[in-house]
Amino acid sequence: MAITRLYALPHPPLAVPGIGRGQERGISKTLAAFNEIAMQIADIAPETIIFITPHNVVYSDYFHISPGTFARGDFSRFGAPGIKLTTLYDEELAMEISRMAEQDGIPAGEMGERDPKLDHGTMVPMWFINNRYKDYATVRISQSGMEPTAHYRLGQAISRAVEATGRKTVFVASSDLSHKLTEDGPYGFAPEGPEFDEIVVQALAKGDFLTLLMIPEELRESAAQCGYNSLITLAGCLDARSVKPILHSYEGPFGVGYAVATFEQTGHDENRNILEKYEEASLLDARKKQETEDPYPSLARRSLEYAVNSGGRLPFPEGLPDEMLKDKAGVFVSLHKNGRLRGCIGTISPTTASVAREIIQNAVSAGLSDSRFEPVSKAELPYLTYKVDVLSAPEKIPDARALDVKRFGVIVTSGHKRGLLLPNLDGIDTVDEQIAIARRKAGIPDNMPINLERFEVVRHE
């Protein structure tokens, strides 16, 4: 049995009357849509509701499925400890989702629970559903830090698990949109906030999951959203299915976007193999960038490709520009896949005889030795794009007033600890943010004095 119906639902605690205390009237369209969905679910009478939430424990490389037989939660964090919820877990379906994910090489399961209590990303939709219908079990899944395509593939595994168990199931993607819609909102205003929400809302209204997948990471981060990967998991559940979408409402008067949408499967449609179409588009985009890259990223790409394919070091190429052969400098090489960072390694000062040799060394390290990522595989190579930053010699500065977050990178030093951050990075808009991140990278506490240096870069991509 396929998933009966799928919902995109927000999770504003103030929507619950005992928490909002009248504020909830400001999102009347959202409340009406919540109640309509709750009545739909009561009519369906599912055996199980699967929730995916951004507010339970999130691991960078693992999808956590809440273990056990049941869970409880309340809204103490929001000043309403008397509002409590309890749910039974569908252990069989949870295990089947883990098994299907494992078959697809997706790391998912019940390990690593940190807090068994229900999170508000689950409880807010659950509260409205429970007003109409309570005779269901739950599977609660957390988003991960993995790329959106991994969430899409998890959705495919969830769909197969539901079919294998024969459960009558509803799926809820708990998903607030941008938190930067108004100046008085929780994170202030950014023009990317309304831009992101407009794209998402139109995509939900049309069931256009390819557009959803294609939203750049920089836009998602600048919009300060929390529910995007929940929506991508929902899309994966509907892979190769014809879909009837209904957008019930959208509003954001408190600076956060709330969209409510329903998706009903109406049959199979092999033309809606969205992941394949996305990968084709990503491959085409990477090829276009490779065709126009200058000698610096070209050398980085060839160096990593040679190392991955042959296991050796690229023979030193001929025909490079003189400045790459004669100049010495620190160099950072960063790799991106589908617009998402895939590795970055660099040197503050030169460690080799030329910029060219620095690029060869750091490109291979970025692809194979960045501890934050698994080594790049052969299958990934065609999808990668490269940036090479050539650093000027660092100069000491008296204080942060000599910095410019767009023009200068910063080096912070305290004793033997040293941290660096490049200039003009997406999502870093102030010098204070720049210094704070460089401190964290170096492991320097906020209360410890630091020395500052600045440098400029020439970026090649």
# chains A, B, ... in the order shown; residues from 1 in each chain; ligands from 1

$ residues_around --residues "segment 108-112 of chain A" --least-positions-apart "4" --cutoff "12 Å" --atoms "only C-alpha atoms" --output "PyMOL selection string"
chain A and resi 56-69+91+93-104+116+139-144+146+150-151+153-155+157-158

$ select_by_dssp --residues "segment 124-322 of chain A" --states "strand (DSSP E)" --output "ChimeraX atom specification"
/A:137-142,169-174,241-251,258-268

$ write_last_selection --atoms "C-alpha atoms" --output "PDB file, in the first residue's frame"
ATOM      1  CA  ALA A 137       1.048   5.073  15.837  1.00  0.00           C
ATOM      2  CA  THR A 138       4.017   7.262  14.936  1.00  0.00           C
ATOM      3  CA  VAL A 139       7.403   7.052  13.275  1.00  0.00           C
ATOM      4  CA  ARG A 140       9.562  10.093  14.059  1.00  0.00           C
ATOM      5  CA  ILE A 141      12.563  10.777  11.830  1.00  0.00           C
ATOM      6  CA  SER A 142      15.088  13.594  12.122  1.00  0.00           C
ATOM      7  CA  THR A 169       0.103   5.640   6.342  1.00  0.00           C
ATOM      8  CA  VAL A 170       0.142   9.420   6.242  1.00  0.00           C
ATOM      9  CA  PHE A 171       3.398  11.392   5.946  1.00  0.00           C
ATOM     10  CA  VAL A 172       3.963  14.797   7.569  1.00  0.00           C
ATOM     11  CA  ALA A 173       6.909  16.991   6.574  1.00  0.00           C
ATOM     12  CA  SER A 174       7.306  19.452   9.445  1.00  0.00           C
ATOM     13  CA  ARG A 241       4.410   9.171  -8.976  1.00  0.00           C
ATOM     14  CA  SER A 242       1.796  11.421 -10.472  1.00  0.00           C
ATOM     15  CA  VAL A 243       0.682  13.885  -7.836  1.00  0.00           C
ATOM     16  CA  LYS A 244      -2.310  16.060  -7.089  1.00  0.00           C
ATOM     17  CA  PRO A 245      -0.961  19.051  -5.105  1.00  0.00           C
ATOM     18  CA  ILE A 246      -3.077  21.497  -3.110  1.00  0.00           C
ATOM     19  CA  LEU A 247      -1.603  24.618  -1.505  1.00  0.00           C
ATOM     20  CA  HIS A 248      -3.978  25.427   1.351  1.00  0.00           C
ATOM     21  CA  SER A 249      -2.315  28.532   2.729  1.00  0.00           C
ATOM     22  CA  TYR A 250       0.809  30.616   3.092  1.00  0.00           C
ATOM     23  CA  GLU A 251       1.462  33.497   5.454  1.00  0.00           C
ATOM     24  CA  TYR A 258       4.208  29.057   7.169  1.00  0.00           C
ATOM     25  CA  ALA A 259       2.975  26.990   4.217  1.00  0.00           C
ATOM     26  CA  VAL A 260       0.390  24.205   4.354  1.00  0.00           C
ATOM     27  CA  ALA A 261       0.085  21.825   1.411  1.00  0.00           C
ATOM     28  CA  THR A 262      -1.386  18.416   0.603  1.00  0.00           C
ATOM     29  CA  PHE A 263      -0.095  15.853  -1.904  1.00  0.00           C
ATOM     30  CA  GLU A 264      -2.137  12.900  -3.075  1.00  0.00           C
ATOM     31  CA  GLN A 265      -0.695  10.131  -5.227  1.00  0.00           C
ATOM     32  CA  THR A 266      -2.745   9.469  -8.342  1.00  0.00           C
ATOM     33  CA  GLY A 267      -0.662   6.775 -10.030  1.00  0.00           C
ATOM     34  CA  HIS A 268       2.780   6.030 -11.460  1.00  0.00           C
TER      35      HIS A 268
END

$ residues_around --residues "segment 209-219 of chain A" --least-positions-apart "2" --cutoff "10 Å" --atoms "only C-alpha atoms" --output "JSON, numbers by chain"
{"A": [147, 148, 149, 152, 191, 192, 193, 195, 196, 199, 200, 201, 202, 203, 204, 206, 207, 221, 222, 223, 224, 225, 228, 229, 231, 232, 234, 235, 236, 238, 239, 272, 273, 274, 275, 276, 277, 278, 279, 281, 282, 338, 339, 340, 341, 425, 426, 427]}

$ closest_residue --among "A:Leu384, A:Met1, A:Ala329, A:Val124" --to "Val458 of chain A" --atoms "only C-alpha atoms"
A:Ala329

$ closest_residue --among "A:Ala240, A:Gly257, A:Asn447, A:Ile37" --to "Glu198 of chain A" --atoms "only C-alpha atoms"
A:Gly257

$ select_by_dssp --residues "segment 373-460 of chain A" --states "alpha helix (DSSP H)" --output "list of chain:residue names"
A:Val431, A:Asp432, A:Glu433, A:Gln434, A:Ile435, A:Ala436, A:Ile437, A:Ala438, A:Arg439, A:Arg440, A:Lys441, A:Ala442

$ atom_distance --atom1 "atom CA of Ile44 of chain A" --atom2 "atom CA of Arg167 of chain A"
12.3 Å

$ closest_residue --among "A:Phe128, A:Phe332, A:Phe373, A:Tyr386" --to "Arg302 of chain A" --atoms "only C-alpha atoms"
A:Tyr386

$ closest_residue --among "A:Ile41, A:Leu181, A:Ala356, A:Ala363" --to "Arg342 of chain A" --atoms "only C-alpha atoms"
A:Ala363

$ atom_distance --atom1 "atom CA of Glu270 of chain A" --atom2 "atom CA of Ile106 of chain A"
22.8 Å

$ atom_distance --atom1 "atom CA of Val256 of chain A" --atom2 "atom CA of Tyr187 of chain A"
9.1 Å

$ residues_around --residues "Asp176 of chain A" --least-positions-apart "4" --cutoff "6 Å" --atoms "only C-alpha atoms" --output "MDAnalysis selection string"
chainID A and resid 10 226:227 258

$ write_last_selection --atoms "C-alpha atoms" --output "compact mmCIF listing (two decimals), in the first residue's frame"
# COMPACT_ATOMS: atom_id res chain seq x y z
CA PRO A 10 4.62 24.22 9.70
CA CYS A 226 14.53 25.00 8.82
CA GLY A 227 12.14 22.78 6.87
CA TYR A 258 4.21 29.06 7.17
